[in-house]
>>> print(open('input-v1.cif').read())   # mmCIF, C-alpha atoms
data_work
#
loop_
_atom_site.group_PDB
_atom_site.id
_atom_site.type_symbol
_atom_site.label_atom_id
_atom_site.label_comp_id
_atom_site.auth_asym_id
_atom_site.auth_seq_id
_atom_site.Cartn_x
_atom_site.Cartn_y
_atom_site.Cartn_z
ATOM 1 C CA MET A 11 107.722 -97.420 -160.418
ATOM 2 C CA GLN A 12 104.493 -96.849 -162.347
ATOM 3 C CA ALA A 13 103.157 -100.207 -161.175
ATOM 4 C CA ALA A 14 103.927 -99.333 -157.542
ATOM 5 C CA ALA A 15 102.204 -95.961 -157.916
ATOM 6 C CA GLY A 16 99.173 -97.677 -159.419
ATOM 7 C CA THR A 17 99.032 -100.131 -156.540
ATOM 8 C CA LEU A 18 99.128 -97.306 -153.992
ATOM 9 C CA ALA A 19 96.397 -95.416 -155.824
ATOM 10 C CA ALA A 20 94.203 -98.503 -155.939
ATOM 11 C CA SER A 21 94.768 -99.067 -152.226
ATOM 12 C CA ALA A 22 93.821 -95.471 -151.438
ATOM 13 C CA GLN A 23 90.669 -95.785 -153.549
ATOM 14 C CA ALA A 24 89.735 -99.006 -151.749
ATOM 15 C CA GLN A 25 90.198 -97.345 -148.367
ATOM 16 C CA THR A 26 88.082 -94.368 -149.452
ATOM 17 C CA GLY A 27 85.375 -96.691 -150.741
ATOM 18 C CA SER A 28 85.344 -98.639 -147.509
ATOM 19 C CA LEU A 29 85.080 -95.438 -145.467
ATOM 20 C CA ASP A 30 82.240 -94.143 -147.645
ATOM 21 C CA ARG A 31 80.353 -97.396 -147.125
ATOM 22 C CA LEU A 32 80.837 -97.372 -143.359
ATOM 23 C CA LEU A 33 79.835 -93.713 -143.041
ATOM 24 C CA ALA A 34 76.604 -94.194 -144.982
ATOM 25 C CA ILE A 35 73.340 -93.847 -143.074
ATOM 26 C CA PRO A 36 72.548 -97.383 -141.871
ATOM 27 C CA GLY A 37 69.591 -99.017 -143.541
ATOM 28 C CA PRO A 38 66.673 -100.717 -141.806
ATOM 29 C CA GLY A 39 67.080 -103.862 -139.767
ATOM 30 C CA ARG A 40 69.147 -105.013 -136.838
ATOM 31 C CA VAL A 41 72.801 -104.054 -136.430
ATOM 32 C CA ARG A 42 75.571 -105.425 -134.222
ATOM 33 C CA ALA A 43 76.677 -102.987 -131.517
ATOM 34 C CA VAL A 44 78.714 -102.577 -128.343
ATOM 35 C CA LEU A 45 78.310 -99.790 -125.800
ATOM 36 C CA ASP A 46 81.286 -98.014 -124.202
ATOM 37 C CA THR A 47 80.159 -95.933 -121.222
ATOM 38 C CA ASP A 48 81.432 -94.012 -118.181
ATOM 39 C CA THR A 49 78.187 -95.026 -116.524
ATOM 40 C CA TYR A 50 78.687 -93.590 -113.032
ATOM 41 C CA ASN A 51 79.951 -90.212 -114.274
ATOM 42 C CA GLU A 52 76.515 -88.612 -113.764
ATOM 43 C CA ILE A 53 72.941 -89.745 -114.559
ATOM 44 C CA ASP A 54 72.605 -89.741 -118.348
ATOM 45 C CA ASP A 55 74.596 -92.879 -119.214
ATOM 46 C CA GLN A 56 72.065 -94.935 -117.274
ATOM 47 C CA TYR A 57 69.327 -93.824 -119.661
ATOM 48 C CA ALA A 58 71.541 -94.733 -122.606
ATOM 49 C CA VAL A 59 72.318 -98.217 -121.264
ATOM 50 C CA ALA A 60 68.629 -98.928 -120.701
ATOM 51 C CA TYR A 61 67.621 -97.350 -124.030
ATOM 52 C CA SER A 62 70.096 -99.487 -125.956
ATOM 53 C CA LEU A 63 68.954 -102.714 -124.297
ATOM 54 C CA LEU A 64 65.323 -101.776 -124.909
ATOM 55 C CA SER A 65 65.862 -101.369 -128.668
ATOM 56 C CA PRO A 66 66.272 -105.049 -129.626
ATOM 57 C CA GLU A 67 64.618 -104.719 -133.026
ATOM 58 C CA ARG A 68 67.421 -102.329 -134.036
ATOM 59 C CA LEU A 69 70.403 -103.046 -131.776
ATOM 60 C CA SER A 70 72.029 -106.337 -130.908
ATOM 61 C CA ILE A 71 74.092 -105.189 -127.921
ATOM 62 C CA GLU A 72 76.892 -107.754 -127.730
ATOM 63 C CA ALA A 73 78.960 -106.165 -124.948
ATOM 64 C CA ILE A 74 79.084 -103.188 -122.601
ATOM 65 C CA TYR A 75 82.445 -101.639 -121.702
ATOM 66 C CA ALA A 76 83.161 -99.596 -118.577
ATOM 67 C CA ALA A 77 85.025 -96.367 -119.360
ATOM 68 C CA PRO A 78 87.110 -94.332 -116.894
ATOM 69 C CA PHE A 79 86.373 -90.811 -115.715
ATOM 70 C CA VAL A 80 87.569 -88.258 -113.167
ATOM 71 C CA ASN A 81 85.268 -85.712 -111.509
ATOM 72 C CA ASP A 82 83.641 -85.131 -108.121
ATOM 73 C CA ARG A 83 82.376 -88.731 -108.232
ATOM 74 C CA SER A 84 85.794 -90.274 -108.884
ATOM 75 C CA PRO A 85 89.322 -89.245 -107.820
ATOM 76 C CA SER A 86 91.069 -91.310 -110.517
ATOM 77 C CA ALA A 87 90.526 -93.035 -113.840
ATOM 78 C CA ALA A 88 90.754 -96.460 -112.196
ATOM 79 C CA VAL A 89 88.131 -95.649 -109.566
ATOM 80 C CA GLY A 90 85.841 -94.106 -112.173
ATOM 81 C CA MET A 91 86.100 -97.152 -114.419
ATOM 82 C CA GLU A 92 85.345 -99.514 -111.537
ATOM 83 C CA LYS A 93 82.353 -97.436 -110.437
ATOM 84 C CA SER A 94 81.110 -97.462 -114.025
ATOM 85 C CA TYR A 95 81.497 -101.243 -114.141
ATOM 86 C CA GLU A 96 79.489 -101.641 -110.933
ATOM 87 C CA GLU A 97 76.753 -99.299 -112.175
ATOM 88 C CA ILE A 98 76.411 -101.263 -115.423
ATOM 89 C CA LEU A 99 75.897 -104.464 -113.427
ATOM 90 C CA ARG A 100 73.370 -102.667 -111.211
ATOM 91 C CA LEU A 101 71.397 -101.605 -114.275
ATOM 92 C CA LEU A 102 71.447 -105.107 -115.756
ATOM 93 C CA GLY A 103 69.546 -106.236 -112.661
ATOM 94 C CA PHE A 104 66.448 -104.628 -114.196
ATOM 95 C CA PHE A 105 66.683 -106.852 -117.294
ATOM 96 C CA ALA A 106 65.677 -110.486 -117.004
ATOM 97 C CA ASP A 107 67.741 -111.676 -119.976
ATOM 98 C CA ALA A 108 70.832 -109.507 -119.448
ATOM 99 C CA ASP A 109 74.128 -111.401 -119.170
ATOM 100 C CA PRO A 110 76.706 -109.879 -116.763
ATOM 101 C CA GLY A 111 79.344 -111.902 -118.615
ATOM 102 C CA ASN A 112 79.038 -109.425 -121.484
ATOM 103 C CA VAL A 113 80.258 -106.540 -119.305
ATOM 104 C CA PHE A 114 83.993 -105.770 -119.461
ATOM 105 C CA ARG A 115 86.275 -103.521 -117.451
ATOM 106 C CA GLY A 116 87.958 -100.836 -119.510
ATOM 107 C CA SER A 117 91.063 -98.695 -119.122
ATOM 108 C CA SER A 118 92.299 -97.939 -115.606
ATOM 109 C CA GLU A 119 94.262 -94.927 -116.866
ATOM 110 C CA PHE A 120 94.277 -92.421 -119.691
ATOM 111 C CA MET A 121 96.709 -92.424 -122.614
ATOM 112 C CA LYS A 122 100.224 -91.130 -121.988
ATOM 113 C CA GLY A 123 101.002 -90.691 -125.696
ATOM 114 C CA LYS A 124 99.540 -91.348 -129.143
ATOM 115 C CA GLY A 125 101.608 -94.490 -129.503
ATOM 116 C CA HIS A 126 100.699 -95.823 -126.076
ATOM 117 C CA PRO A 127 97.357 -97.664 -126.018
ATOM 118 C CA VAL A 128 95.997 -98.749 -122.662
ATOM 119 C CA GLU A 129 95.543 -102.492 -122.266
ATOM 120 C CA SER A 130 92.128 -103.588 -120.984
ATOM 121 C CA ASP A 131 89.583 -106.386 -121.219
ATOM 122 C CA ALA A 132 87.263 -103.982 -123.036
ATOM 123 C CA ALA A 133 89.801 -103.117 -125.732
ATOM 124 C CA ARG A 134 90.643 -106.778 -126.282
ATOM 125 C CA ASP A 135 86.979 -107.775 -126.513
ATOM 126 C CA LEU A 136 86.301 -104.967 -128.986
ATOM 127 C CA ILE A 137 89.144 -106.195 -131.205
ATOM 128 C CA GLU A 138 87.847 -109.752 -131.058
ATOM 129 C CA LYS A 139 84.268 -108.784 -131.888
ATOM 130 C CA ALA A 140 85.323 -106.402 -134.662
ATOM 131 C CA LEU A 141 87.489 -109.001 -136.385
ATOM 132 C CA GLU A 142 84.585 -111.451 -136.234
ATOM 133 C CA SER A 143 82.530 -109.061 -138.380
ATOM 134 C CA GLY A 144 81.680 -110.116 -141.877
ATOM 135 C CA ASP A 145 80.513 -107.519 -144.370
ATOM 136 C CA GLU A 146 78.302 -105.737 -141.840
ATOM 137 C CA PRO A 147 79.984 -103.227 -139.490
ATOM 138 C CA LEU A 148 80.091 -103.346 -135.714
ATOM 139 C CA TYR A 149 78.730 -100.087 -134.292
ATOM 140 C CA VAL A 150 80.733 -98.891 -131.299
ATOM 141 C CA LEU A 151 78.472 -96.586 -129.285
ATOM 142 C CA THR A 152 80.974 -94.507 -127.324
ATOM 143 C CA ILE A 153 79.472 -92.151 -124.734
ATOM 144 C CA GLY A 154 82.456 -91.343 -122.531
ATOM 145 C CA SER A 155 86.181 -90.815 -122.940
ATOM 146 C CA PRO A 156 87.209 -92.736 -126.078
ATOM 147 C CA VAL A 157 90.295 -94.291 -124.462
ATOM 148 C CA ASN A 158 89.006 -97.888 -124.694
ATOM 149 C CA VAL A 159 88.109 -97.501 -128.355
ATOM 150 C CA SER A 160 91.206 -95.541 -129.400
ATOM 151 C CA SER A 161 93.404 -98.071 -127.596
ATOM 152 C CA ALA A 162 91.772 -100.922 -129.506
ATOM 153 C CA ILE A 163 92.385 -99.090 -132.812
ATOM 154 C CA LEU A 164 96.075 -98.617 -131.971
ATOM 155 C CA MET A 165 96.460 -102.203 -130.772
ATOM 156 C CA GLU A 166 94.863 -103.663 -133.904
ATOM 157 C CA PRO A 167 94.483 -101.178 -136.797
ATOM 158 C CA ARG A 168 92.654 -103.771 -138.922
ATOM 159 C CA ILE A 169 89.468 -103.118 -136.968
ATOM 160 C CA LYS A 170 89.146 -99.711 -138.679
ATOM 161 C CA ASP A 171 87.688 -101.524 -141.687
ATOM 162 C CA LYS A 172 85.168 -103.303 -139.465
ATOM 163 C CA ILE A 173 83.700 -100.699 -137.106
ATOM 164 C CA VAL A 174 81.750 -97.462 -137.012
ATOM 165 C CA VAL A 175 82.437 -95.382 -133.899
ATOM 166 C CA VAL A 176 79.428 -93.299 -132.819
ATOM 167 C CA TRP A 177 80.953 -90.881 -130.318
ATOM 168 C CA LEU A 178 79.100 -88.433 -128.100
ATOM 169 C CA GLY A 179 81.808 -85.851 -127.471
ATOM 170 C CA GLY A 180 83.492 -82.615 -128.412
ATOM 171 C CA THR A 181 81.791 -79.493 -129.689
ATOM 172 C CA THR A 182 80.586 -78.317 -133.074
ATOM 173 C CA HIS A 183 83.546 -77.513 -135.295
ATOM 174 C CA TYR A 184 82.727 -73.815 -135.616
ATOM 175 C CA TRP A 185 82.894 -73.392 -131.829
ATOM 176 C CA PRO A 186 85.989 -71.549 -130.550
ATOM 177 C CA SER A 187 86.854 -74.411 -128.182
ATOM 178 C CA ALA A 188 86.591 -78.157 -128.703
ATOM 179 C CA SER A 189 86.651 -78.756 -124.957
ATOM 180 C CA GLU A 190 83.861 -80.727 -123.294
ATOM 181 C CA PHE A 191 83.873 -83.432 -120.633
ATOM 182 C CA ASN A 192 84.336 -86.588 -122.723
ATOM 183 C CA LEU A 193 86.983 -85.035 -124.956
ATOM 184 C CA ARG A 194 89.099 -83.402 -122.260
ATOM 185 C CA GLN A 195 89.091 -86.518 -120.071
ATOM 186 C CA ASP A 196 91.642 -87.896 -122.523
ATOM 187 C CA VAL A 197 92.708 -85.400 -125.186
ATOM 188 C CA ILE A 198 95.241 -87.837 -126.630
ATOM 189 C CA ALA A 199 92.645 -90.601 -127.097
ATOM 190 C CA SER A 200 90.335 -88.027 -128.685
ATOM 191 C CA GLN A 201 93.109 -86.961 -131.077
ATOM 192 C CA VAL A 202 93.739 -90.592 -132.011
ATOM 193 C CA LEU A 203 90.034 -90.981 -132.795
ATOM 194 C CA PHE A 204 90.003 -88.023 -135.207
ATOM 195 C CA ASP A 205 93.389 -88.860 -136.764
ATOM 196 C CA SER A 206 92.978 -92.614 -137.194
ATOM 197 C CA GLY A 207 90.780 -92.679 -140.291
ATOM 198 C CA VAL A 208 88.197 -94.866 -138.555
ATOM 199 C CA ALA A 209 84.589 -94.389 -139.646
ATOM 200 C CA LEU A 210 83.492 -91.828 -137.058
ATOM 201 C CA VAL A 211 80.045 -90.417 -136.368
ATOM 202 C CA GLN A 212 80.553 -87.510 -133.982
ATOM 203 C CA ILE A 213 77.588 -86.209 -132.013
ATOM 204 C CA PRO A 214 78.744 -82.854 -130.623
ATOM 205 C CA THR A 215 77.447 -81.409 -127.395
ATOM 206 C CA LYS A 216 77.197 -77.701 -128.174
ATOM 207 C CA ASN A 217 74.018 -76.864 -130.107
ATOM 208 C CA VAL A 218 73.364 -80.546 -130.866
ATOM 209 C CA SER A 219 72.965 -83.117 -128.068
ATOM 210 C CA GLU A 220 72.436 -80.330 -125.515
ATOM 211 C CA HIS A 221 68.896 -80.064 -126.912
ATOM 212 C CA LEU A 222 68.044 -83.292 -125.041
ATOM 213 C CA LYS A 223 66.912 -81.658 -121.796
ATOM 214 C CA THR A 224 64.234 -82.924 -119.439
ATOM 215 C CA THR A 225 62.828 -81.974 -116.045
ATOM 216 C CA ALA A 226 61.663 -83.673 -112.867
ATOM 217 C CA SER A 227 58.035 -82.845 -113.651
ATOM 218 C CA GLU A 228 58.301 -84.420 -117.106
ATOM 219 C CA LEU A 229 59.908 -87.567 -115.692
ATOM 220 C CA GLU A 230 57.241 -87.750 -113.006
ATOM 221 C CA GLN A 231 54.543 -87.595 -115.662
ATOM 222 C CA PHE A 232 56.047 -90.061 -118.124
ATOM 223 C CA LEU A 233 58.276 -92.391 -116.066
ATOM 224 C CA ARG A 234 57.358 -92.515 -112.392
ATOM 225 C CA GLY A 235 55.304 -95.562 -111.443
ATOM 226 C CA ARG A 236 55.461 -97.092 -114.929
ATOM 227 C CA SER A 237 58.408 -99.477 -114.458
ATOM 228 C CA ARG A 238 61.134 -100.300 -111.954
ATOM 229 C CA ILE A 239 63.827 -98.920 -114.223
ATOM 230 C CA GLY A 240 61.772 -95.755 -114.714
ATOM 231 C CA ASP A 241 61.464 -95.282 -110.959
ATOM 232 C CA TYR A 242 65.208 -95.818 -110.552
ATOM 233 C CA LEU A 243 66.066 -93.211 -113.169
ATOM 234 C CA TYR A 244 63.514 -90.767 -111.791
ATOM 235 C CA GLY A 245 64.967 -91.164 -108.296
ATOM 236 C CA GLN A 246 68.478 -90.560 -109.593
ATOM 237 C CA PHE A 247 67.309 -87.396 -111.316
ATOM 238 C CA LEU A 248 65.791 -86.039 -108.089
ATOM 239 C CA GLN A 249 68.996 -86.746 -106.152
ATOM 240 C CA TYR A 250 71.139 -85.107 -108.846
ATOM 241 C CA GLN A 251 68.857 -82.088 -108.988
ATOM 242 C CA ALA A 252 68.973 -81.635 -105.208
ATOM 243 C CA VAL A 253 72.777 -81.576 -105.296
ATOM 244 C CA ARG A 254 73.021 -79.243 -108.290
ATOM 245 C CA THR A 255 70.422 -76.769 -107.046
ATOM 246 C CA LYS A 256 71.533 -77.018 -103.396
ATOM 247 C CA GLY A 257 67.986 -77.880 -102.388
ATOM 248 C CA ARG A 258 66.359 -74.882 -104.094
ATOM 249 C CA ASN A 259 63.847 -77.118 -105.865
ATOM 250 C CA THR A 260 60.689 -75.178 -105.042
ATOM 251 C CA GLY A 261 60.223 -72.307 -107.446
ATOM 252 C CA PHE A 262 63.683 -72.848 -108.953
ATOM 253 C CA PRO A 263 63.662 -73.835 -112.655
ATOM 254 C CA TYR A 264 65.928 -76.783 -113.399
ATOM 255 C CA SER A 265 66.464 -78.963 -116.450
ATOM 256 C CA LYS A 266 69.095 -81.592 -117.128
ATOM 257 C CA VAL A 267 70.621 -82.693 -120.420
ATOM 258 C CA ILE A 268 70.475 -86.457 -120.981
ATOM 259 C CA TRP A 269 73.286 -86.248 -123.526
ATOM 260 C CA ASP A 270 74.107 -89.890 -124.109
ATOM 261 C CA ILE A 271 70.779 -91.100 -125.470
ATOM 262 C CA SER A 272 71.690 -89.246 -128.679
ATOM 263 C CA ALA A 273 74.072 -92.010 -129.786
ATOM 264 C CA ILE A 274 71.368 -94.678 -129.530
ATOM 265 C CA ALA A 275 68.769 -92.364 -131.079
ATOM 266 C CA TRP A 276 70.987 -91.842 -134.147
ATOM 267 C CA LEU A 277 70.863 -95.568 -134.864
ATOM 268 C CA ASN A 278 67.199 -96.031 -133.940
ATOM 269 C CA ASP A 279 66.228 -93.323 -136.411
ATOM 270 C CA PRO A 280 68.974 -91.240 -138.062
ATOM 271 C CA ALA A 281 66.380 -88.604 -138.994
ATOM 272 C CA TRP A 282 66.022 -87.707 -135.315
ATOM 273 C CA VAL A 283 69.739 -86.798 -135.195
ATOM 274 C CA PRO A 284 70.451 -85.369 -138.675
ATOM 275 C CA SER A 285 74.067 -85.399 -139.793
ATOM 276 C CA GLU A 286 76.383 -84.562 -142.662
ATOM 277 C CA ILE A 287 79.712 -85.701 -144.087
ATOM 278 C CA VAL A 288 82.611 -83.307 -143.413
ATOM 279 C CA SER A 289 86.387 -83.423 -143.467
ATOM 280 C CA SER A 290 87.800 -84.570 -140.144
ATOM 281 C CA PRO A 291 89.183 -81.587 -138.230
ATOM 282 C CA VAL A 292 92.507 -81.571 -136.427
ATOM 283 C CA LEU A 293 92.147 -81.508 -132.650
ATOM 284 C CA THR A 294 94.974 -79.421 -131.235
ATOM 285 C CA ASP A 295 96.735 -80.025 -127.923
ATOM 286 C CA ASP A 296 95.032 -76.934 -126.476
ATOM 287 C CA MET A 297 91.628 -78.308 -127.532
ATOM 288 C CA ARG A 298 90.724 -76.290 -130.600
ATOM 289 C CA TRP A 299 89.467 -77.408 -134.012
ATOM 290 C CA GLU A 300 91.651 -76.653 -137.027
ATOM 291 C CA SER A 301 91.062 -77.390 -140.714
ATOM 292 C CA GLU A 302 93.692 -79.170 -142.776
ATOM 293 C CA SER A 303 93.527 -80.211 -146.418
ATOM 294 C CA GLY A 304 93.681 -83.869 -147.369
ATOM 295 C CA ARG A 305 91.982 -85.177 -144.233
ATOM 296 C CA HIS A 306 89.600 -88.145 -144.354
ATOM 297 C CA ASP A 307 85.833 -87.768 -143.981
ATOM 298 C CA ILE A 308 83.724 -88.229 -140.864
ATOM 299 C CA ARG A 309 80.007 -87.821 -140.210
ATOM 300 C CA VAL A 310 78.905 -85.085 -137.782
ATOM 301 C CA ALA A 311 75.451 -84.578 -136.277
ATOM 302 C CA ASN A 312 74.078 -81.054 -136.533
ATOM 303 C CA ASN A 313 70.818 -81.253 -134.578
ATOM 304 C CA CYS A 314 68.646 -83.403 -132.303
ATOM 305 C CA ASN A 315 64.856 -83.633 -132.460
ATOM 306 C CA ARG A 316 64.355 -83.498 -128.724
ATOM 307 C CA ASP A 317 60.654 -84.428 -128.605
ATOM 308 C CA LEU A 318 60.849 -87.425 -130.932
ATOM 309 C CA VAL A 319 63.886 -88.822 -129.107
ATOM 310 C CA PHE A 320 62.319 -88.524 -125.650
ATOM 311 C CA ASN A 321 59.043 -89.948 -126.914
ATOM 312 C CA ASP A 322 60.926 -93.067 -127.994
ATOM 313 C CA VAL A 323 62.971 -93.241 -124.771
ATOM 314 C CA PHE A 324 59.942 -92.924 -122.492
ATOM 315 C CA LYS A 325 57.924 -95.434 -124.509
ATOM 316 C CA ARG A 326 60.671 -98.022 -124.214
ATOM 317 C CA LEU A 327 61.481 -97.382 -120.542
ATOM 318 C CA THR A 328 57.847 -97.846 -119.533
ATOM 319 C CA SER A 329 57.591 -101.113 -121.461
ATOM 320 C CA LEU A 330 60.090 -102.979 -119.280
ATOM 321 C CA ARG A 331 58.581 -105.474 -116.892
ATOM 322 C CA ASP A 332 59.976 -106.555 -113.534
ATOM 323 C CA PRO A 333 62.420 -109.455 -114.076
ATOM 324 C CA ALA A 334 60.870 -111.202 -111.053
ATOM 325 C CA ALA A 335 57.350 -110.972 -112.485
#
>>> encode(input="input-v1.cif", output="structure tokens")
Amino acid sequence: MQAAAGTLAASAQAQTGSLDRLLAIPGPGRVRAVLDTDTYNEIDDQYAVAYSLLSPERLSIEAIYAAPFVNDRSPSAAVGMEKSYEEILRLLGFFADADPGNVFRGSSEFMKGKGHPVESDAARDLIEKALESGDEPLYVLTIGSPVNVSSAILMEPRIKDKIVVVWLGGTTHYWPSASEFNLRQDVIASQVLFDSGVALVQIPTKNVSEHLKTTASELEQFLRGRSRIGDYLYGQFLQYQAVRTKGRNTGFPYSKVIWDISAIAWLNDPAWVPSEIVSSPVLTDDMRWESESGRHDIRVANNCNRDLVFNDVFKRLTSLRDPAA
């Protein structure tokens, strides 16, 4: 009995040590990464896709996964995922060396229960790439509903020792509601993420990534006419603004949060998105945060240096040359 207890204690210590290592601030140099994105949801994922591909000295983007979403741009998870897949391929057209074969379709539905992962090419590829990892972790940049990632964890729990999930989603834990778009798209998948014990870096929206606002005039000054991808993103911003402001552009102040670049910025320079280690909260069915003793640790961002992040984004976006040139 004592021997069995000692074995369990040693196993728990090993798991804690592994989690501590994975949650540590990554050191300098290049890291392996995949990007999981609901790219057609609005206009910020496009910046994140481009930003990740334009950070080759830091990120080796090995795959991009299309995530599902439902809103006024998509009537169902399946349609949203397919539109995201198509938008990823459209964006890769701006990159001469981009390989469309590294883009995978994700879940066509949301989770029906915590024990019911959703099969997809994205989840299977994530499992394969994670298990290929040696001592260095695979960073899973997740900027939409976490259904692809949570499904992969349920399908193959061994990957928890191999990956670090950097998720843009949820709110700060002191906020009265946890609800925000990515989280409430699939509450069950979000619960799995916080309950699984995976190394999780959460970048909340409220009072953190919402600092990353820009305007049409700023994009015109720093992006327009500097690169094809910059012109594409600037044009998307103008179209989005016209819809959101119902054409009241003249004399009507408008700014837009480019939320998703925060996940890439955290890896490019963790000082731009400062974070701390906390106990993982419990996400309730009615989307609130609750504390519970004995929970594992996660890392949570508590701020974003808006100017330094956008300086890096704009610098990289204007460096891209026409693939045909």
>>> residues_around(input="input-v1.cif", residues="stretch 267-282 of chain A", least_positions_apart="4", cutoff="6 Å", atoms="all atoms listed in the file", output="compact mmCIF listing (two decimals) with C-alpha atoms, in the coordinates of the input")
# COMPACT_ATOMS: atom_id res chain seq x y z
CA ASP A 54 72.60 -89.74 -118.35
CA ASP A 55 74.60 -92.88 -119.21
CA ALA A 58 71.54 -94.73 -122.61
CA ILE A 153 79.47 -92.15 -124.73
CA SER A 219 72.96 -83.12 -128.07
CA GLU A 220 72.44 -80.33 -125.52
CA LEU A 222 68.04 -83.29 -125.04
CA LYS A 223 66.91 -81.66 -121.80
CA CYS A 314 68.65 -83.40 -132.30
CA ASN A 315 64.86 -83.63 -132.46
>>> resolve_selection(input="input-v1.cif", expression="the PyMOL selection byres ((chain A and resi 160) around 12)", output="compact mmCIF listing (two decimals) with C-alpha atoms, keeping the file's coordinate frame")
# COMPACT_ATOMS: atom_id res chain seq x y z
CA ASP A 46 81.29 -98.01 -124.20
CA ALA A 77 85.02 -96.37 -119.36
CA GLY A 116 87.96 -100.84 -119.51
CA SER A 117 91.06 -98.70 -119.12
CA PHE A 120 94.28 -92.42 -119.69
CA MET A 121 96.71 -92.42 -122.61
CA GLY A 123 101.00 -90.69 -125.70
CA LYS A 124 99.54 -91.35 -129.14
CA GLY A 125 101.61 -94.49 -129.50
CA HIS A 126 100.70 -95.82 -126.08
CA PRO A 127 97.36 -97.66 -126.02
CA VAL A 128 96.00 -98.75 -122.66
CA GLU A 129 95.54 -102.49 -122.27
CA SER A 130 92.13 -103.59 -120.98
CA ALA A 132 87.26 -103.98 -123.04
CA ALA A 133 89.80 -103.12 -125.73
CA ARG A 134 90.64 -106.78 -126.28
CA LEU A 136 86.30 -104.97 -128.99
CA ILE A 137 89.14 -106.20 -131.21
CA VAL A 150 80.73 -98.89 -131.30
CA THR A 152 80.97 -94.51 -127.32
CA GLY A 154 82.46 -91.34 -122.53
CA SER A 155 86.18 -90.82 -122.94
CA PRO A 156 87.21 -92.74 -126.08
CA VAL A 157 90.30 -94.29 -124.46
CA ASN A 158 89.01 -97.89 -124.69
CA VAL A 159 88.11 -97.50 -128.35
CA SER A 161 93.40 -98.07 -127.60
CA ALA A 162 91.77 -100.92 -129.51
CA ILE A 163 92.38 -99.09 -132.81
CA LEU A 164 96.08 -98.62 -131.97
CA MET A 165 96.46 -102.20 -130.77
CA GLU A 166 94.86 -103.66 -133.90
CA PRO A 167 94.48 -101.18 -136.80
CA ILE A 169 89.47 -103.12 -136.97
CA LYS A 170 89.15 -99.71 -138.68
CA ILE A 173 83.70 -100.70 -137.11
CA VAL A 175 82.44 -95.38 -133.90
CA TRP A 177 80.95 -90.88 -130.32
CA ASP A 196 91.64 -87.90 -122.52
CA VAL A 197 92.71 -85.40 -125.19
CA ILE A 198 95.24 -87.84 -126.63
CA ALA A 199 92.64 -90.60 -127.10
CA SER A 200 90.34 -88.03 -128.68
CA GLN A 201 93.11 -86.96 -131.08
CA VAL A 202 93.74 -90.59 -132.01
CA LEU A 203 90.03 -90.98 -132.79
CA PHE A 204 90.00 -88.02 -135.21
CA ASP A 205 93.39 -88.86 -136.76
CA SER A 206 92.98 -92.61 -137.19
CA GLY A 207 90.78 -92.68 -140.29
CA VAL A 208 88.20 -94.87 -138.56
CA LEU A 210 83.49 -91.83 -137.06
>>> resolve_selection(input="input-v1.cif", expression="the PyMOL selection byres ((chain A and resi 248) around 12)", output="PyMOL selection string")
chain A and resi 53+224-230+234+241-247+249-259+264-266
>>> resolve_selection(input="input-v1.cif", expression="the PyMOL selection byres ((chain A and resi 147) around 12)", output="PyMOL selection string")
chain A and resi 28-29+31-34+36-37+40-44+139-146+148-150+169-176+208-209
>>> residues_around(input="input-v1.cif", residues="A:Thr181", least_positions_apart="6", cutoff="8 Å", atoms="only C-alpha atoms", output="CSV table (one decimal) with C-alpha atoms, in the frame of the given file")
chain,number,residue,atom,x,y,z
A,187,SER,CA,86.9,-74.4,-128.2
A,188,ALA,CA,86.6,-78.2,-128.7
A,189,SER,CA,86.7,-78.8,-125.0
A,190,GLU,CA,83.9,-80.7,-123.3
A,214,PRO,CA,78.7,-82.9,-130.6
A,215,THR,CA,77.4,-81.4,-127.4
A,216,LYS,CA,77.2,-77.7,-128.2
>>> closest_residue(input="input-v1.cif", among="A:Tyr184, A:Trp299, A:Tyr61, A:Phe324", to="A:Leu102", atoms="only C-alpha atoms")
A:Tyr61
>>> closest_residue(input="input-v1.cif", among="A:Asn112, A:Thr26, A:Val59, A:Phe191", to="A:Asn81", atoms="all atoms listed in the file")
A:Phe191
>>> residues_around(input="input-v1.cif", residues="A:Ala87", least_positions_apart="6", cutoff="8 Å", atoms="only C-alpha atoms", output="short mmCIF file (atom, residue, chain, number, x, y, z; two decimals) with C-alpha atoms, in the coordinates of the input")
data_model
loop_
_atom_site.label_atom_id
_atom_site.label_comp_id
_atom_site.auth_asym_id
_atom_site.auth_seq_id
_atom_site.Cartn_x
_atom_site.Cartn_y
_atom_site.Cartn_z
CA PRO A 78 87.11 -94.33 -116.89
CA PHE A 79 86.37 -90.81 -115.72
CA VAL A 80 87.57 -88.26 -113.17
CA SER A 117 91.06 -98.70 -119.12
CA SER A 118 92.30 -97.94 -115.61
CA GLU A 119 94.26 -94.93 -116.87
CA PHE A 120 94.28 -92.42 -119.69
#
>>> closest_residue(input="input-v1.cif", among="A:Asp317, A:Gln56, A:Arg298, A:His306", to="A:Pro186", atoms="all atoms listed in the file")
A:Arg298
>>> closest_residue(input="input-v1.cif", among="A:Asn321, A:Thr328, A:Ser86, A:Asn312", to="A:Ile287", atoms="only C-alpha atoms")
A:Asn312
>>> atom_distance(input="input-v1.cif", atom1="atom CA of A:Leu101", atom2="atom CA of A:Val218")
26.9 Å
>>> closest_residue(input="input-v1.cif", among="A:Gly90, A:Pro66, A:Pro263, A:Gly235", to="A:Asn51", atoms="all atoms listed in the file")
A:Gly90
>>> atom_distance(input="input-v1.cif", atom1="atom CA of A:Ser70", atom2="atom CA of A:Leu151")
11.8 Å
>>> atom_distance(input="input-v1.cif", atom1="atom CA of A:Val310", atom2="atom CA of A:Gly27")
18.6 Å
>>> closest_residue(input="input-v1.cif", among="A:Arg168, A:Arg326, A:Arg194, A:His221", to="A:Asp295", atoms="all atoms listed in the file")
A:Arg194
